[in-house]
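Engineer: structure_4.txt is reproduced below (compact mmCIF, C-alpha atoms).
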```txt
# COMPACT_ATOMS: atom_id res chain seq x y z
CA MET C 23 -14.61 17.07 -22.63
CA LYS C 24 -13.94 17.14 -18.88
CA LYS C 25 -14.71 13.41 -18.51
CA ASN C 26 -12.33 12.56 -21.35
CA LEU C 27 -9.64 14.66 -19.69
CA ILE C 28 -10.06 12.81 -16.40
CA LEU C 29 -9.92 9.42 -18.09
CA SER C 30 -6.78 10.49 -19.94
CA LEU C 31 -5.27 11.69 -16.68
CA ARG C 32 -5.91 8.31 -15.08
CA ALA C 33 -4.08 6.54 -17.90
CA THR C 34 -1.17 8.99 -17.67
CA LEU C 35 -0.86 8.63 -13.90
CA SER C 36 -1.01 4.83 -14.07
CA ALA C 37 1.72 4.79 -16.71
CA ALA C 38 3.81 7.08 -14.53
CA ALA C 39 3.29 4.76 -11.57
CA LEU C 40 4.55 1.78 -13.55
CA ALA C 41 7.56 3.65 -14.92
CA CYS C 42 8.51 4.83 -11.45
CA ALA C 43 8.15 1.31 -10.05
CA LEU C 44 10.50 -0.13 -12.62
CA ALA C 45 13.09 2.46 -11.67
CA LEU C 46 12.74 2.55 -7.88
CA SER C 47 11.03 -0.53 -6.47
CA PRO C 48 11.65 -4.27 -6.29
CA ALA C 49 10.72 -6.15 -9.44
CA LEU C 50 7.02 -6.58 -9.92
CA THR C 51 6.83 -10.37 -9.75
CA ALA C 52 8.39 -12.89 -7.41
CA ALA C 53 10.30 -14.44 -10.30
CA ASP C 54 11.99 -11.09 -10.93
CA ALA C 55 12.89 -10.41 -7.30
CA PRO C 56 16.07 -8.34 -6.97
CA ALA C 57 19.35 -10.11 -6.28
CA THR C 58 20.20 -7.42 -3.71
CA PRO C 59 17.43 -6.73 -1.17
CA LEU C 60 16.65 -3.17 -0.16
CA ARG C 61 17.16 -4.06 3.50
CA PRO C 62 18.35 -7.65 4.09
CA LEU C 63 17.33 -9.08 7.45
CA VAL C 64 19.68 -10.79 9.88
CA ASN C 65 18.90 -13.31 12.62
CA GLY C 66 17.37 -11.67 15.65
CA ASP C 67 15.76 -8.80 13.74
CA LYS C 68 12.31 -7.71 14.76
CA VAL C 69 10.12 -6.31 11.95
CA VAL C 70 6.98 -4.34 12.78
CA PHE C 71 4.37 -3.75 10.08
CA LEU C 72 2.51 -0.49 10.70
CA GLY C 73 -0.70 0.14 8.80
CA ASP C 74 -4.48 -0.01 8.51
CA SER C 75 -7.02 -2.85 8.16
CA ILE C 76 -4.99 -4.44 5.36
CA THR C 77 -2.16 -4.92 7.84
CA ALA C 78 -4.54 -5.78 10.71
CA GLY C 79 -5.85 -8.68 8.62
CA ALA C 80 -2.36 -9.72 7.53
CA VAL C 81 -1.80 -11.81 10.66
CA ARG C 82 -4.58 -14.20 9.61
CA PRO C 83 -3.63 -17.57 8.03
CA ASN C 84 -3.66 -16.17 4.47
CA GLY C 85 -2.37 -12.71 5.40
CA TYR C 86 0.84 -11.24 4.08
CA ILE C 87 2.57 -11.05 7.48
CA THR C 88 1.82 -14.71 8.16
CA MET C 89 3.18 -15.60 4.72
CA LEU C 90 6.33 -13.55 5.27
CA SER C 91 6.96 -15.12 8.67
CA ALA C 92 6.53 -18.65 7.27
CA GLN C 93 8.84 -17.96 4.33
CA ALA C 94 11.48 -16.41 6.58
CA GLU C 95 11.45 -19.61 8.63
CA LYS C 96 11.81 -21.69 5.44
CA ASN C 97 14.80 -19.49 4.58
CA GLY C 98 16.36 -20.42 7.93
CA MET C 99 15.97 -16.84 9.17
CA LYS C 100 15.26 -16.28 12.86
CA VAL C 101 13.29 -13.04 12.68
CA GLU C 102 10.11 -11.85 14.38
CA CYS C 103 7.31 -10.35 12.27
CA ILE C 104 4.80 -8.27 14.25
CA GLY C 105 1.57 -6.77 12.95
CA ALA C 106 0.61 -3.28 14.12
CA GLY C 107 -2.35 -2.64 11.85
CA ARG C 108 -5.62 -1.05 12.89
CA SER C 109 -8.80 -0.82 10.85
CA GLY C 110 -9.71 2.60 9.48
CA ASN C 111 -6.33 4.16 10.19
CA THR C 112 -4.93 7.07 8.20
CA VAL C 113 -1.44 8.51 8.39
CA SER C 114 -2.39 10.74 11.34
CA ASN C 115 -3.53 7.69 13.32
CA LEU C 116 -0.16 6.05 12.70
CA GLN C 117 1.56 9.19 13.97
CA GLN C 118 -0.50 9.08 17.15
CA ARG C 119 0.27 5.47 18.00
CA LEU C 120 3.80 5.09 16.63
CA ASP C 121 5.55 5.34 20.00
CA LYS C 122 3.27 2.95 21.91
CA ASP C 123 2.51 0.37 19.22
CA VAL C 124 5.82 0.29 17.36
CA LEU C 125 8.85 2.03 18.81
CA ALA C 126 8.24 0.60 22.30
CA LEU C 127 8.92 -2.82 20.75
CA HIS C 128 12.46 -1.76 19.69
CA PRO C 129 12.22 -3.05 16.12
CA ALA C 130 15.11 -3.26 13.68
CA VAL C 131 12.81 -2.51 10.74
CA VAL C 132 9.43 -0.76 10.48
CA VAL C 133 7.37 -1.28 7.33
CA VAL C 134 4.99 1.66 6.89
CA PHE C 135 2.03 0.67 4.72
CA ILE C 136 -0.63 3.40 4.65
CA GLY C 137 -2.60 5.62 2.29
CA VAL C 138 -5.79 3.87 1.19
CA ASN C 139 -7.98 5.37 3.93
CA ASP C 140 -6.39 8.80 3.49
CA VAL C 141 -8.01 8.73 0.04
CA TRP C 142 -10.94 6.32 0.44
CA HIS C 143 -12.43 8.24 3.39
CA GLN C 144 -12.67 11.33 1.21
CA GLU C 145 -15.57 9.55 -0.47
CA ARG C 146 -17.73 10.86 2.39
CA GLY C 147 -15.87 14.08 3.08
CA ARG C 148 -13.16 12.79 5.43
CA GLY C 149 -9.66 11.56 4.68
CA THR C 150 -6.36 13.42 4.54
CA SER C 151 -5.22 16.35 2.43
CA ARG C 152 -2.22 15.89 0.16
CA GLU C 153 -0.20 18.29 2.28
CA ASP C 154 -1.01 16.55 5.57
CA TYR C 155 -0.31 13.16 4.01
CA ALA C 156 3.19 14.23 2.97
CA VAL C 157 3.87 15.81 6.36
CA GLY C 158 2.62 12.69 8.13
CA LEU C 159 4.83 10.33 6.15
CA LYS C 160 7.88 12.50 6.79
CA ASP C 161 7.11 12.62 10.51
CA LEU C 162 6.79 8.83 10.73
CA ILE C 163 10.01 8.20 8.84
CA THR C 164 11.95 10.80 10.84
CA ARG C 165 10.82 9.41 14.19
CA ILE C 166 11.46 5.79 13.17
CA SER C 167 14.98 6.69 12.04
CA ALA C 168 15.62 8.65 15.23
CA ALA C 169 14.73 5.53 17.21
CA LYS C 170 17.53 3.65 15.39
CA ALA C 171 15.11 1.53 13.39
CA GLU C 172 15.09 1.37 9.62
CA PRO C 173 11.89 2.49 7.89
CA ILE C 174 10.60 0.98 4.66
CA LEU C 175 7.77 2.84 2.96
CA CYS C 176 5.09 1.09 0.87
CA THR C 177 2.70 2.72 -1.55
CA PRO C 178 -0.97 1.80 -1.00
CA CYS C 179 -2.29 -0.89 -3.35
CA VAL C 180 -5.50 0.11 -5.17
CA ILE C 181 -9.00 1.46 -4.89
CA GLY C 182 -10.81 -0.54 -7.55
CA GLU C 183 -9.23 -2.83 -10.10
CA LYS C 184 -10.57 -1.65 -13.44
CA VAL C 185 -8.00 -1.27 -16.17
CA HIS C 186 -10.16 1.34 -17.91
CA TRP C 187 -12.47 3.59 -15.89
CA GLU C 188 -15.83 4.41 -17.45
CA ALA C 189 -17.55 7.79 -17.45
CA GLY C 190 -19.96 6.72 -14.71
CA ASP C 191 -17.02 5.84 -12.45
CA MET C 192 -15.72 9.38 -12.71
CA GLN C 193 -18.64 11.09 -11.01
CA PRO C 194 -20.36 10.76 -7.60
CA PRO C 195 -23.01 8.04 -7.37
CA PRO C 196 -26.66 9.02 -6.77
CA PRO C 197 -27.51 9.96 -3.16
CA SER C 198 -28.76 7.21 -0.90
CA ASP C 199 -32.45 7.06 0.09
CA ASP C 200 -31.28 6.75 3.69
CA PRO C 201 -31.06 10.30 5.14
CA LYS C 202 -28.59 9.05 7.77
CA LYS C 203 -26.04 8.23 5.09
CA PRO C 204 -24.20 11.29 3.73
CA ALA C 205 -23.95 11.52 -0.04
CA LYS C 206 -20.71 10.26 -1.55
CA LYS C 207 -18.54 13.03 -2.96
CA TYR C 208 -16.55 10.96 -5.45
CA GLY C 209 -16.97 8.03 -7.80
CA ILE C 210 -14.61 5.08 -7.50
CA GLY C 211 -12.70 6.12 -10.62
CA GLN C 212 -12.11 9.55 -9.12
CA LEU C 213 -10.77 7.94 -5.94
CA ALA C 214 -8.50 5.72 -8.04
CA VAL C 215 -7.02 8.78 -9.75
CA MET C 216 -6.58 10.42 -6.36
CA LEU C 217 -4.79 7.36 -5.03
CA ASP C 218 -2.33 7.58 -7.95
CA GLU C 219 -1.48 11.09 -6.75
CA TYR C 220 -0.97 9.98 -3.13
CA CYS C 221 1.27 7.15 -4.29
CA GLU C 222 3.40 9.72 -6.08
CA ILE C 223 3.65 11.62 -2.78
CA SER C 224 4.90 8.41 -1.13
CA ARG C 225 7.50 7.91 -3.87
CA ASN C 226 8.70 11.49 -3.61
CA THR C 227 8.90 11.24 0.18
CA ALA C 228 10.98 8.05 0.01
CA LYS C 229 13.29 9.64 -2.54
CA GLU C 230 13.65 12.88 -0.55
CA LEU C 231 14.39 11.11 2.74
CA LYS C 232 16.46 8.38 1.07
CA VAL C 233 14.51 5.44 2.49
CA PRO C 234 13.63 2.16 0.73
CA LEU C 235 10.35 2.08 -1.20
CA VAL C 236 8.20 -0.94 -2.03
CA ASP C 237 5.87 0.21 -4.80
CA LEU C 238 2.88 -2.06 -4.19
CA HIS C 239 0.62 0.25 -6.19
CA ALA C 240 2.63 -0.22 -9.36
CA ALA C 241 2.93 -3.96 -8.75
CA PHE C 242 -0.84 -4.26 -8.43
CA LEU C 243 -1.48 -2.11 -11.51
CA LYS C 244 0.88 -4.18 -13.62
CA PHE C 245 -0.63 -7.48 -12.53
CA ILE C 246 -4.20 -6.22 -12.98
CA ALA C 247 -3.42 -4.87 -16.46
CA ASN C 248 -2.30 -8.37 -17.50
CA ASN C 249 -4.98 -10.35 -15.66
CA ASN C 250 -8.26 -8.43 -15.83
CA PRO C 251 -9.53 -8.88 -19.42
CA ASN C 252 -13.15 -8.30 -18.36
CA ASN C 253 -12.34 -4.98 -16.64
CA LYS C 254 -13.75 -6.14 -13.30
CA VAL C 255 -13.81 -3.63 -10.46
CA ALA C 256 -12.72 -6.31 -7.93
CA GLY C 257 -11.90 -10.00 -7.68
CA ILE C 258 -8.39 -10.04 -9.15
CA LEU C 259 -6.20 -9.05 -6.19
CA THR C 260 -8.91 -7.62 -3.91
CA GLY C 261 -12.18 -8.91 -2.58
CA ASP C 262 -13.98 -5.59 -2.25
CA THR C 263 -11.96 -3.11 -4.42
CA VAL C 264 -9.58 -2.34 -1.51
CA HIS C 265 -8.81 -5.24 0.84
CA PRO C 266 -6.55 -7.89 -0.71
CA ASN C 267 -7.75 -11.43 -1.25
CA SER C 268 -5.38 -14.40 -0.96
CA ALA C 269 -3.71 -13.56 -4.28
CA GLY C 270 -3.33 -9.92 -3.24
CA ASN C 271 -1.81 -10.86 0.10
CA LYS C 272 0.63 -13.13 -1.69
CA MET C 273 1.59 -10.28 -4.02
CA ILE C 274 2.20 -7.98 -1.04
CA ALA C 275 4.21 -10.64 0.78
CA GLU C 276 6.39 -11.31 -2.28
CA GLN C 277 7.09 -7.62 -2.85
CA ILE C 278 7.96 -6.83 0.76
CA GLY C 279 9.80 -10.14 1.07
CA ALA C 280 12.02 -9.23 -1.87
CA ALA C 281 12.89 -5.96 -0.14
CA LEU C 282 13.82 -7.82 3.06
CA GLY C 283 15.73 -10.65 1.41
CA ILE C 284 13.07 -13.28 2.12
CA LYS C 285 12.97 -15.66 -0.83
CA PHE C 286 9.65 -17.37 -1.47
CA GLN C 287 9.83 -21.15 -1.73
CA PRO C 288 7.12 -23.72 -2.59
```
As structure tokens, how would this structure be written, given the file I've shared?

Structural biologist:
Amino acid sequence: MKKNLILSLRATLSAAALACALALSPALTAADAPATPLRPLVNGDKVVFLGDSITAGAVRPNGYITMLSAQAEKNGMKVECIGAGRSGNTVSNLQQRLDKDVLALHPAVVVVFIGVNDVWHQERGRGTSREDYAVGLKDLITRISAAKAEPILCTPCVIGEKVHWEAGDMQPPPPSDDPKKPAKKYGIGQLAVMLDEYCEISRNTAKELKVPLVDLHAAFLKFIANNNPNNKVAGILTGDTVHPNSAGNKMIAEQIGAALGIKFQP
């Protein structure tokens, strides 16, 4: 009974994520990009992308920041895109390094893209509570705004890509034979449900503070629902259930690009 309830909850939360995205975020495919960007860029703008390993890797050739920078140039836009991602970061880490790594650069726009590790690290008893996550997002947005930069908040993408979670996904895996490795507290399906909840915190925070939201979580869920007929846990938009592959980076770039008025061209 409890397992069925959890599975039902996952479906309900995912549906809520999609409904919210349709109402609040840029359209979920590049072809449906909004005619009016959330925050159109102008020549000379400096955009800093603040986040975790997903953002740290985004400056590579197939990363979303590299894609955005190239497309901005194709659009004839003279803007600077700067990556400020660091592997393993949670919202508290972003709070600690905001001044040095971001505000000291005097950006016009700061894209805050965080949340996966706040949930994923709870697998082994770390991570961030819901309350601290909400407080951390509000602190980042308040400080960015006070520095006369414009914040844009992104929901985290996914933990796992299954369309339907199975009973075994909704419970902790067996303990490792290695005594040095602590037992995992949650199954991947449980973490996916938790991530839905943290994405809702991000949406509520953006709405409360009246800042633009790019709902990457809903965009990923919609694409996966239409392109994962074999219910694979990874390999659609991620390589390892969390970090985006080339297709995932392109999805992120298109969604953030639509919010910034960067039109993707062949």

Engineer: Find the spatial neighbours of region 68-75 of chain C, counting all atoms listed in the file, within a cut-off of 6 Å - ignore same-chain residues fewer than 5 positions away - and output them as number ranges by chain.

Structural biologist: C: 101-111, 129-136

Engineer: Mind dumping the selected residues with C-alpha atoms as a PDB file, keeping the file's coordinate frame?

Structural biologist:
```pdb
ATOM      1  CA  VAL C 101      13.290 -13.040  12.680  1.00  0.00           C
ATOM      2  CA  GLU C 102      10.110 -11.850  14.380  1.00  0.00           C
ATOM      3  CA  CYS C 103       7.310 -10.350  12.270  1.00  0.00           C
ATOM      4  CA  ILE C 104       4.800  -8.270  14.250  1.00  0.00           C
ATOM      5  CA  GLY C 105       1.570  -6.770  12.950  1.00  0.00           C
ATOM      6  CA  ALA C 106       0.610  -3.280  14.120  1.00  0.00           C
ATOM      7  CA  GLY C 107      -2.350  -2.640  11.850  1.00  0.00           C
ATOM      8  CA  ARG C 108      -5.620  -1.050  12.890  1.00  0.00           C
ATOM      9  CA  SER C 109      -8.800  -0.820  10.850  1.00  0.00           C
ATOM     10  CA  GLY C 110      -9.710   2.600   9.480  1.00  0.00           C
ATOM     11  CA  ASN C 111      -6.330   4.160  10.190  1.00  0.00           C
ATOM     12  CA  PRO C 129      12.220  -3.050  16.120  1.00  0.00           C
ATOM     13  CA  ALA C 130      15.110  -3.260  13.680  1.00  0.00           C
ATOM     14  CA  VAL C 131      12.810  -2.510  10.740  1.00  0.00           C
ATOM     15  CA  VAL C 132       9.430  -0.760  10.480  1.00  0.00           C
ATOM     16  CA  VAL C 133       7.370  -1.280   7.330  1.00  0.00           C
ATOM     17  CA  VAL C 134       4.990   1.660   6.890  1.00  0.00           C
ATOM     18  CA  PHE C 135       2.030   0.670   4.720  1.00  0.00           C
ATOM     19  CA  ILE C 136      -0.630   3.400   4.650  1.00  0.00           C
TER      20      ILE C 136
END
```

Engineer: Would you please work out which residue, of C:Cys221, C:Ala205, C:Leu175, C:Ala275, is nearest to Val233 (chain C) when using only C-alpha atoms?

Structural biologist: C:Leu175

Engineer: Point out the residue among C:Asn271, C:Asn253, C:Asn248, C:Gln117 with the least atom-to-atom distance to Val81 (chain C), counting only C-alpha atoms.

Structural biologist: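 The answer is C:Asn271, which sits nearest to Val81 (chain C).
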
Engineer: Rounded to one decimal place, report the CA of Tyr208 (chain C)-CA of His143 (chain C) distance in Å.

Structural biologist: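 CA of His143 (chain C) lies 10.1 Å from CA of Tyr208 (chain C).
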
Engineer: Using all atoms listed in the file, which of C:Pro196, C:Pro62, C:Gly137, C:Pro83 sits nearest Leu213 (chain C)?

Structural biologist: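 Smallest distance to Leu213 (chain C) is found for C:Gly137.
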
Engineer: With only C-alpha atoms as the atoms that count, which of C:Leu238, C:Thr263, C:Asn250, C:Arg152 lies nearest to Ile278 (chain C)?

Structural biologist: C:Leu238

Engineer: Could you check the closest approach to Ser224 (chain C) for each of C:Gln287, C:Thr177, C:Asn249, C:Asn267 and tell me which residue wins, using all atoms listed in the file?

Structural biologist: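 Under the stated criterion, the closest residue is C:Thr177.
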
Engineer: Got a sec to check which residues sit within 12 Å of (8.3, 14.3, 6.4), counting all atoms listed in the file, and write them as a PyMOL selection string?

Structural biologist: chain C and resi 113+117+153-167+175+223-224+226-233

Engineer: One number please: CA of Gly270 (chain C) to CA of Val124 (chain C), in Å, one decimal.

Structural biologist: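 Taking CA of Gly270 (chain C) as the start and CA of Val124 (chain C) as the end point, the length is 24.7 Å.
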
Engineer: Smallest atom-to-atom distance to Thr260 (chain C): which of C:Ile76, C:Val185, C:Met192, C:Ala240, using all atoms listed in the file?

Structural biologist: C:Ile76

Engineer: As an exercise, work out the distance from CA of Pro251 (chain C) to CA of Ala214 (chain C) in Å and give it to one decimal place.

Structural biologist: 18.5 Å

Engineer: Hey, what's within 10 Å of Ile284 (chain C) if we count only C-alpha atoms and toss same-chain stuff fewer than 2 positions away? As a list in words, please?

Structural biologist: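 Here the answer would be Ala55, Pro59, Pro62, Leu63, Leu90, Ser91, Ala92, Gln93, Ala94, Glu95, Lys96, Asn97, Gly98, Met99, Ala275, Glu276, Gln277, Ile278, Gly279, Ala280, Ala281, Leu282, Phe286 and Gln287 of chain C.
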